file target-v6.txt (compact mmCIF, C-alpha atoms)
# COMPACT_ATOMS: atom_id res chain seq x y z
CA MET A 1 121.16 -91.05 -92.41
CA ARG A 2 121.96 -94.60 -93.44
CA LEU A 3 124.38 -97.25 -92.27
CA PHE A 4 127.23 -98.03 -94.65
CA ALA A 5 130.00 -99.29 -92.36
CA HIS A 6 130.22 -103.08 -92.31
CA SER A 7 127.04 -103.10 -94.40
CA THR A 8 127.38 -106.75 -95.40
CA ILE A 9 127.58 -107.96 -91.80
CA LEU A 10 124.74 -105.69 -90.75
CA SER A 11 122.48 -106.72 -93.63
CA ARG A 12 123.12 -110.39 -92.94
CA ALA A 13 122.37 -109.98 -89.22
CA ILE A 14 119.13 -108.12 -89.92
CA CYS A 15 118.03 -110.66 -92.55
CA ASN A 16 118.80 -113.53 -90.17
CA ALA A 17 116.60 -111.93 -87.52
CA LEU A 18 113.81 -111.41 -90.05
CA SER A 19 113.98 -115.09 -90.99
CA THR A 20 113.21 -116.38 -87.48
CA ASP A 21 109.81 -117.95 -86.83
CA LEU A 22 109.01 -115.18 -84.36
CA ALA A 23 109.63 -112.46 -86.93
CA LEU A 24 107.73 -114.37 -89.61
CA PHE A 25 104.65 -114.27 -87.38
CA THR A 26 105.14 -110.91 -85.66
CA TYR A 27 105.19 -108.57 -88.65
CA PRO A 28 102.18 -110.19 -90.38
CA GLN A 29 100.12 -109.30 -87.32
CA ILE A 30 100.94 -105.62 -87.87
CA ILE A 31 99.96 -106.02 -91.52
CA ASP A 32 96.71 -107.64 -90.38
CA GLY A 33 96.03 -104.72 -88.07
CA LEU A 34 95.44 -106.79 -84.94
CA PRO A 35 97.52 -109.28 -82.96
CA THR A 36 96.13 -112.77 -82.57
CA ALA A 37 94.33 -113.58 -79.33
CA ASP A 38 97.06 -115.84 -77.94
CA VAL A 39 99.77 -113.24 -78.57
CA THR A 40 97.61 -110.49 -77.08
CA TRP A 41 97.22 -112.38 -73.83
CA ASP A 42 100.87 -113.48 -73.74
CA ARG A 43 101.91 -110.25 -72.05
CA ARG A 44 102.55 -109.05 -68.55
CA PHE A 45 100.05 -106.39 -67.51
CA SER A 46 97.98 -106.79 -70.65
CA ASP A 47 95.33 -104.38 -69.28
CA LEU A 48 92.61 -106.46 -70.94
CA PHE A 49 89.44 -107.16 -69.01
CA GLY A 50 86.13 -108.90 -69.47
CA GLU A 51 84.99 -110.57 -72.67
CA HIS A 52 87.38 -108.72 -74.94
CA PRO A 53 86.52 -109.09 -78.66
CA ILE A 54 90.17 -109.86 -79.47
CA GLU A 55 89.33 -113.37 -78.24
CA GLN A 56 87.65 -113.96 -81.60
CA HIS A 57 90.84 -113.14 -83.52
CA GLU A 58 92.36 -116.59 -83.26
CA GLU A 59 94.29 -116.45 -86.52
CA LEU A 60 95.43 -113.96 -89.12
CA CYS A 61 93.01 -112.98 -91.84
CA PRO A 62 93.29 -114.45 -95.36
CA GLY A 63 95.94 -112.86 -97.53
CA VAL A 64 98.03 -111.48 -94.67
CA MET A 65 100.83 -114.05 -94.78
CA GLU A 66 101.08 -113.72 -98.55
CA ARG A 67 101.37 -109.93 -98.29
CA ALA A 68 103.99 -110.30 -95.57
CA GLY A 69 105.96 -112.65 -97.81
CA GLU A 70 105.93 -110.07 -100.60
CA PHE A 71 107.23 -107.43 -98.21
CA ARG A 72 109.98 -109.70 -96.91
CA ARG A 73 111.18 -110.73 -100.37
CA GLY A 74 111.35 -107.14 -101.53
CA PHE A 75 112.86 -105.72 -98.36
CA ASP A 76 116.31 -104.12 -98.58
CA PRO A 77 117.92 -103.47 -95.14
CA SER A 78 119.92 -100.59 -96.61
CA VAL A 79 116.76 -98.45 -96.83
CA LEU A 80 116.45 -98.34 -93.05
CA SER A 81 117.28 -95.02 -91.46
CA PHE A 82 118.24 -94.42 -87.85
CA ASP A 83 117.99 -91.35 -85.68
CA SER A 84 121.13 -89.48 -84.64
CA LYS A 85 121.45 -91.35 -81.34
CA ALA A 86 121.45 -94.74 -83.06
CA MET A 87 123.98 -93.48 -85.58
CA ASP A 88 126.24 -92.19 -82.81
CA LEU A 89 126.21 -95.66 -81.32
CA ALA A 90 126.88 -97.28 -84.67
CA ASN A 91 129.80 -95.00 -85.49
CA PRO A 92 132.30 -97.19 -83.56
CA PHE A 93 131.84 -99.84 -86.27
CA PRO A 94 134.64 -98.69 -88.64
CA PRO A 95 137.52 -98.99 -86.13
CA VAL A 96 136.07 -102.01 -84.30
CA HIS A 97 136.98 -105.52 -85.34
CA PRO A 98 134.14 -107.96 -86.10
CA GLY A 99 133.98 -110.61 -83.43
CA SER A 100 135.06 -108.29 -80.63
CA ARG A 101 132.85 -107.76 -77.60
CA LEU A 102 132.23 -104.14 -78.57
CA PHE A 103 131.30 -105.05 -82.13
CA SER A 104 128.92 -107.78 -80.93
CA THR A 105 127.17 -105.42 -78.52
CA ARG A 106 126.77 -102.65 -81.07
CA LEU A 107 125.61 -105.16 -83.68
CA ILE A 108 122.84 -106.37 -81.36
CA GLU A 109 121.82 -102.79 -80.76
CA VAL A 110 121.61 -101.89 -84.43
CA VAL A 111 119.67 -105.09 -85.22
CA ALA A 112 117.24 -104.31 -82.39
CA VAL A 113 116.74 -100.77 -83.71
CA ALA A 114 116.21 -102.19 -87.21
CA LEU A 115 113.53 -104.61 -85.98
CA HIS A 116 111.90 -101.74 -84.12
CA GLU A 117 111.96 -99.49 -87.19
CA ILE A 118 110.44 -102.18 -89.43
CA GLY A 119 107.55 -102.46 -86.99
CA VAL A 120 107.15 -98.68 -87.08
CA LEU A 121 107.24 -98.66 -90.88
CA LEU A 122 104.64 -101.41 -91.29
CA PHE A 123 102.29 -99.71 -88.85
CA GLN A 124 102.67 -96.37 -90.60
CA ILE A 125 101.97 -97.93 -94.00
CA GLY A 126 98.62 -98.96 -92.55
CA LEU A 127 97.77 -101.96 -94.72
CA HIS A 128 95.27 -103.27 -92.14
CA LEU A 129 94.06 -106.34 -94.00
CA HIS A 130 91.86 -107.48 -91.11
CA HIS A 131 88.34 -108.35 -92.23
CA GLY A 132 86.38 -106.21 -89.80
CA ASP A 133 86.42 -103.03 -87.75
CA ILE A 134 89.88 -102.78 -86.21
CA ALA A 135 89.21 -99.65 -84.14
CA THR A 136 86.24 -101.20 -82.36
CA ILE A 137 88.39 -104.11 -81.17
CA ASP A 138 91.54 -102.07 -80.58
CA GLN A 139 89.80 -99.50 -78.38
CA TRP A 140 87.20 -101.74 -76.75
CA ALA A 141 86.62 -101.09 -73.05
CA GLU A 142 84.65 -103.23 -70.63
CA SER A 143 83.24 -100.10 -69.03
CA PRO A 144 83.38 -97.10 -71.39
CA HIS A 145 82.57 -94.71 -68.53
CA ASP A 146 85.42 -95.92 -66.29
CA THR A 147 88.47 -93.90 -67.34
CA THR A 148 90.73 -95.92 -65.01
CA LEU A 149 90.33 -98.84 -67.44
CA ALA A 150 90.86 -96.84 -70.62
CA PRO A 151 92.38 -98.94 -73.42
CA ARG A 152 95.95 -98.41 -74.53
CA PRO A 153 96.63 -96.59 -77.82
CA THR A 154 97.11 -99.97 -79.52
CA LEU A 155 96.98 -103.67 -78.70
CA PHE A 156 100.51 -103.91 -80.12
CA SER A 157 102.04 -102.75 -76.87
CA HIS A 158 104.69 -103.46 -74.23
CA HIS A 159 103.70 -102.33 -70.73
CA GLY A 160 106.92 -100.34 -70.30
CA TYR A 161 106.72 -98.32 -73.53
CA LEU A 162 103.37 -96.57 -73.79
CA HIS A 163 104.32 -92.87 -73.86
CA SER A 164 103.45 -92.06 -77.46
CA SER A 165 103.64 -88.30 -76.81
CA ILE A 166 107.42 -88.44 -76.23
CA TYR A 167 108.33 -90.95 -78.95
CA PRO A 168 109.56 -89.77 -82.36
CA ASP A 169 106.91 -91.80 -84.20
CA GLY A 170 104.10 -91.60 -81.67
CA VAL A 171 101.90 -94.70 -81.47
CA ALA A 172 103.97 -96.33 -84.22
CA SER A 173 106.93 -96.32 -81.82
CA ILE A 174 104.84 -98.27 -79.31
CA VAL A 175 104.26 -100.86 -82.03
CA GLY A 176 107.99 -100.92 -82.78
CA TYR A 177 108.82 -101.75 -79.16
CA TRP A 178 106.19 -104.50 -79.21
CA ALA A 179 107.67 -106.04 -82.36
CA GLU A 180 111.20 -105.90 -80.97
CA ASP A 181 110.10 -107.61 -77.77
CA ARG A 182 108.16 -110.34 -79.57
CA ILE A 183 111.08 -111.16 -81.90
CA LEU A 184 114.10 -110.88 -79.60
CA GLY A 185 112.56 -111.69 -76.22
CA GLY A 186 112.66 -108.17 -74.84
CA VAL A 187 113.35 -104.55 -75.64
CA THR A 188 117.12 -104.13 -75.71
CA VAL A 189 118.60 -101.67 -73.22
CA PHE A 190 122.16 -100.96 -72.16
CA ASP A 191 124.14 -100.03 -69.08
CA ARG A 192 125.35 -96.69 -70.41
CA SER A 193 127.28 -95.85 -67.23
CA MET A 194 129.47 -98.94 -67.49
CA GLU A 195 129.91 -98.37 -71.22
CA GLU A 196 131.44 -95.00 -70.40
CA VAL A 197 133.75 -96.58 -67.84
CA ALA A 198 134.93 -99.34 -70.20
CA PRO A 199 133.98 -98.28 -73.75
CA ASP A 200 136.01 -101.04 -75.41
CA SER A 201 134.49 -103.79 -73.28
CA PRO A 202 130.82 -102.99 -72.67
CA PRO A 203 128.73 -105.19 -70.39
CA ASN A 204 126.24 -107.60 -71.90
CA VAL A 205 122.97 -106.15 -73.10
CA HIS A 206 119.82 -106.13 -70.99
CA PHE A 207 116.40 -107.28 -72.11
CA HIS A 208 113.21 -105.69 -70.84
CA PRO A 209 110.71 -108.51 -71.42
CA CYS A 210 106.94 -108.37 -71.64
CA ARG A 211 106.01 -112.05 -71.89
CA SER A 212 103.52 -113.63 -69.53
CA LYS A 213 105.26 -115.51 -66.70
CA VAL A 214 108.59 -113.82 -67.46
CA THR A 215 110.05 -111.23 -65.10
CA LYS A 216 109.09 -107.60 -65.62
CA ARG A 217 112.59 -106.45 -64.62
CA TYR A 218 115.49 -105.61 -66.90
CA CYS A 219 117.64 -108.75 -67.22
CA GLN A 220 121.25 -108.86 -68.33
CA LEU A 221 121.90 -111.63 -70.83
CA ARG A 222 124.46 -114.33 -70.16
CA ASP A 223 127.36 -114.65 -72.60
CA ASP A 224 125.82 -117.68 -74.30
CA GLN A 225 122.45 -115.94 -74.63
CA GLN A 226 124.03 -112.90 -76.22
CA GLN A 227 125.54 -115.11 -78.91
CA ALA A 228 122.27 -116.87 -79.76
CA LEU A 229 119.29 -114.56 -79.98
CA PRO A 230 116.32 -114.61 -79.52
CA ASN A 231 116.14 -115.49 -75.83
CA LEU A 232 113.68 -115.34 -72.98
CA ALA A 233 114.99 -114.47 -69.53
CA ASP A 234 114.87 -117.20 -66.91
CA LYS A 235 116.04 -117.75 -63.33
CA THR A 236 119.67 -117.96 -64.48
CA ASN A 237 119.57 -114.28 -65.48
CA THR A 238 120.49 -113.03 -62.05
CA VAL A 239 121.62 -109.49 -62.94
CA ARG A 240 118.39 -107.50 -62.91
CA VAL A 241 117.27 -103.89 -62.62
CA ASN A 242 113.86 -102.64 -61.53
CA GLN A 243 112.06 -100.69 -64.21
CA GLU A 244 111.61 -97.66 -61.96
CA ASP A 245 115.35 -97.58 -61.19
CA ALA A 246 116.53 -98.04 -64.77
CA MET A 247 116.92 -94.42 -65.82
CA LEU A 248 118.58 -93.48 -62.53
CA ASN A 249 121.07 -96.29 -63.19
CA ASN A 250 121.53 -95.07 -66.78
CA SER A 251 120.06 -98.28 -68.18
CA TYR A 252 118.34 -97.39 -71.43
CA ARG A 253 118.77 -97.42 -75.20
CA ASP A 254 117.48 -93.96 -76.03
CA ILE A 255 117.38 -91.25 -73.40
CA TRP A 256 113.90 -90.18 -74.52
CA GLU A 257 112.27 -93.61 -74.12
CA ARG A 258 111.13 -92.91 -70.56
CA VAL A 259 109.12 -90.11 -68.99
CA PRO A 260 111.47 -88.47 -66.46
CA PRO A 261 110.49 -89.33 -62.87
CA THR A 262 108.71 -86.67 -60.87
CA ALA A 263 110.27 -85.13 -57.77
CA ARG A 264 108.02 -87.32 -55.62
CA GLU A 265 109.03 -90.48 -57.48
CA LEU A 266 112.71 -89.57 -57.15
CA ASP A 267 112.25 -89.09 -53.42
CA ILE A 268 110.57 -92.50 -53.10
CA ILE A 269 113.40 -94.16 -55.03
CA ARG A 270 116.06 -92.44 -52.90
CA ARG A 271 114.30 -93.49 -49.70
CA LYS A 272 114.07 -97.06 -50.96
CA THR A 273 117.76 -97.04 -51.91
CA LYS A 274 118.78 -95.76 -48.46
CA LYS A 275 116.64 -98.44 -46.83
CA MET A 276 118.29 -101.16 -48.93
CA TRP A 277 121.75 -99.91 -47.98
CA ARG A 278 120.81 -99.96 -44.29
CA ILE A 279 119.73 -103.58 -44.67
CA ILE A 280 122.96 -104.50 -46.49
CA LEU A 281 125.14 -102.76 -43.90
CA SER A 282 123.28 -104.42 -41.03
CA MET A 283 123.91 -107.81 -42.63
CA ARG A 284 127.61 -107.03 -42.91
CA ALA A 285 127.89 -105.92 -39.27

call {"tool": "encode", "arguments": {"input": "target-v6.txt", "output": "structure tokens"}}
result
Amino acid sequence: MRLFAHSTILSRAICNALSTDLALFTYPQIIDGLPTADVTWDRRFSDLFGEHPIEQHEELCPGVMERAGEFRRGFDPSVLSFDSKAMDLANPFPPVHPGSRLFSTRLIEVVAVALHEIGVLLFQIGLHLHHGDIATIDQWAESPHDTTLAPRPTLFSHHGYLHSSIYPDGVASIVGYWAEDRILGGVTVFDRSMEEVAPDSPPNVHFHPCRSKVTKRYCQLRDDQQQALPNLADKTNTVRVNQEDAMLNNSYRDIWERVPPTARELDIIRRKTKKMWRIILSMRA
């Protein structure tokens, strides 16, 4: 299913995002087949140890940027397809006026999904122009016999989105989340509970960042940040949600993006919540 409503505005927004310096360097890495060393290490919880061979991949291989340019020049945003959930969220576009808070929020969401889907598409095409054995680097382990240090499915990864078995495009979805984070400054998530309470005036979007030295928590963007993407969260982003609490608080983009918590994990979260309320009430006494 394709997006037709407000297609001109949507196409322009997607093309603007694709023209940013971050996008112009993010997608070529997928075409290469490996991220560069500095990007690989610029992640929270990179799970890389020892003398990892990615250290030798300091720049993209010859021909990658040229191939990326060809893809960008021939790319038509109208060919992007979205799953039913994304389309349900985009359906408010026809009756919503451009410039409204609701339109702005939904526009950010659709652009984020588009950036994600382009990452998925490029990974699935599998150009892999890297001059060398990608799999050896991608799946390198300091200690092959230590399963606790097993490599992730791909180096194109965000620590919060690694469950390929539940994603519609498997490992390619992991790559899509990585691309979205690198370009926008975080994976975009939404306070679905508050959207149901006030559907015409949704709260600002949340970013779930993965950058080194940036918080691991979901951060709600300020008004000025939401109008000028991309953005990295900083100390002024005071509205935050712990990753483990996100689904319980209905903070997500797609309901399937997280593995449901186990009964034990739910019990731990409930106990923690009760403890926090006891602390708050004692402070008020």

call {"tool": "residues_around", "arguments": {"input": "target-v6.txt", "residues": "A:Asp224", "least_positions_apart": "6", "cutoff": "12 Å", "atoms": "all atoms listed in the file", "output": "PDB file with C-alpha atoms, in the frame of the given file"}}
result
ATOM      1  CA  ASN A 204     126.240-107.600 -71.900  1.00  0.00           C
ATOM      2  CA  VAL A 205     122.970-106.150 -73.100  1.00  0.00           C
ATOM      3  CA  PRO A 230     116.320-114.610 -79.520  1.00  0.00           C
ATOM      4  CA  ASN A 231     116.140-115.490 -75.830  1.00  0.00           C
ATOM      5  CA  THR A 236     119.670-117.960 -64.480  1.00  0.00           C
ATOM      6  CA  ASN A 237     119.570-114.280 -65.480  1.00  0.00           C
TER       7      ASN A 237
END

call {"tool": "residues_around", "arguments": {"input": "target-v6.txt", "residues": "A:Ser104", "least_positions_apart": "6", "cutoff": "9 Å", "atoms": "all atoms listed in the file", "output": "PyMOL selection string"}}
result
chain A and resi 98+226-227

call {"tool": "residues_around", "arguments": {"input": "target-v6.txt", "residues": "A:Arg72", "least_positions_apart": "5", "cutoff": "10 Å", "atoms": "all atoms listed in the file", "output": "list in words"}}
result
Cys15, Leu18, Ser19, Leu24, Tyr27, Glu66 and Arg67 of chain A

call {"tool": "residues_around", "arguments": {"input": "target-v6.txt", "residues": "stretch 209-218 of chain A", "least_positions_apart": "2", "cutoff": "9 Å", "atoms": "only C-alpha atoms", "output": "VMD selection string"}}
result
chain A and resid 41 to 46 158 to 160 178 181 to 182 185 to 189 206 to 207 220 232 to 234 239 to 243 246 251

call {"tool": "closest_residue", "arguments": {"input": "target-v6.txt", "among": "A:Ala172, A:Ala179, A:Ile118, A:Leu221", "to": "A:Asp191", "atoms": "only C-alpha atoms"}}
result
A:Leu221

call {"tool": "closest_residue", "arguments": {"input": "target-v6.txt", "among": "A:Leu48, A:Val64, A:Ile183, A:Leu102", "to": "A:Gln139", "atoms": "only C-alpha atoms"}}
result
A:Leu48

call {"tool": "decode", "arguments": {"input": "target-v6.txt", "residues": "stretch 58-77 of chain A", "atoms": "N, CA and C atoms", "output": "mmCIF file, in the first residue's frame"}}
result
data_model
loop_
_atom_site.group_PDB
_atom_site.id
_atom_site.type_symbol
_atom_site.label_atom_id
_atom_site.label_comp_id
_atom_site.auth_asym_id
_atom_site.auth_seq_id
_atom_site.Cartn_x
_atom_site.Cartn_y
_atom_site.Cartn_z
ATOM 1 N N GLU A 58 38.548 2.197 7.897
ATOM 2 C CA GLU A 58 38.531 3.612 8.255
ATOM 3 C C GLU A 58 37.736 4.466 7.274
ATOM 4 N N GLU A 59 37.554 3.989 6.074
ATOM 5 C CA GLU A 59 36.789 4.746 5.083
ATOM 6 C C GLU A 59 36.076 3.783 4.145
ATOM 7 N N LEU A 60 35.109 4.321 3.412
ATOM 8 C CA LEU A 60 34.346 3.485 2.494
ATOM 9 C C LEU A 60 35.214 3.052 1.317
ATOM 10 N N CYS A 61 34.881 1.912 0.766
ATOM 11 C CA CYS A 61 35.663 1.370 -0.339
ATOM 12 C C CYS A 61 35.405 2.148 -1.629
ATOM 13 N N PRO A 62 36.351 2.129 -2.551
ATOM 14 C CA PRO A 62 36.198 2.852 -3.820
ATOM 15 C C PRO A 62 34.928 2.448 -4.563
ATOM 16 N N GLY A 63 34.258 3.440 -5.115
ATOM 17 C CA GLY A 63 33.060 3.198 -5.902
ATOM 18 C C GLY A 63 31.762 3.253 -5.120
ATOM 19 N N VAL A 64 31.849 3.220 -3.787
ATOM 20 C CA VAL A 64 30.635 3.184 -2.969
ATOM 21 C C VAL A 64 29.861 4.498 -3.060
ATOM 22 N N MET A 65 30.545 5.619 -2.895
ATOM 23 C CA MET A 65 29.857 6.909 -2.921
ATOM 24 C C MET A 65 29.231 7.166 -4.289
ATOM 25 N N GLU A 66 29.913 6.744 -5.341
ATOM 26 C CA GLU A 66 29.362 6.921 -6.683
ATOM 27 C C GLU A 66 28.087 6.094 -6.863
ATOM 28 N N ARG A 67 28.105 4.865 -6.363
ATOM 29 C CA ARG A 67 26.919 4.009 -6.469
ATOM 30 C C ARG A 67 25.774 4.574 -5.631
ATOM 31 N N ALA A 68 26.107 5.121 -4.472
ATOM 32 C CA ALA A 68 25.086 5.733 -3.625
ATOM 33 C C ALA A 68 24.471 6.945 -4.314
ATOM 34 N N GLY A 69 25.301 7.715 -5.015
ATOM 35 C CA GLY A 69 24.795 8.870 -5.749
ATOM 36 C C GLY A 69 23.828 8.460 -6.846
ATOM 37 N N GLU A 70 24.132 7.372 -7.527
ATOM 38 C CA GLU A 70 23.238 6.864 -8.570
ATOM 39 C C GLU A 70 21.889 6.467 -7.968
ATOM 40 N N PHE A 71 21.946 5.805 -6.829
ATOM 41 C CA PHE A 71 20.710 5.388 -6.163
ATOM 42 C C PHE A 71 19.888 6.606 -5.761
ATOM 43 N N ARG A 72 20.545 7.605 -5.193
ATOM 44 C CA ARG A 72 19.837 8.794 -4.715
ATOM 45 C C ARG A 72 19.194 9.559 -5.871
ATOM 46 N N ARG A 73 19.914 9.705 -6.963
ATOM 47 C CA ARG A 73 19.372 10.452 -8.105
ATOM 48 C C ARG A 73 18.196 9.734 -8.752
ATOM 49 N N GLY A 74 18.186 8.423 -8.686
ATOM 50 C CA GLY A 74 17.102 7.676 -9.311
ATOM 51 C C GLY A 74 15.988 7.290 -8.359
ATOM 52 N N PHE A 75 16.112 7.716 -7.102
ATOM 53 C CA PHE A 75 15.138 7.285 -6.101
ATOM 54 C C PHE A 75 13.847 8.088 -6.195
ATOM 55 N N ASP A 76 12.728 7.392 -6.164
ATOM 56 C CA ASP A 76 11.399 8.006 -6.185
ATOM 57 C C ASP A 76 10.684 7.634 -4.889
ATOM 58 N N PRO A 77 10.447 8.605 -3.985
ATOM 59 C CA PRO A 77 9.805 8.290 -2.695
ATOM 60 C C PRO A 77 8.462 7.593 -2.828
#
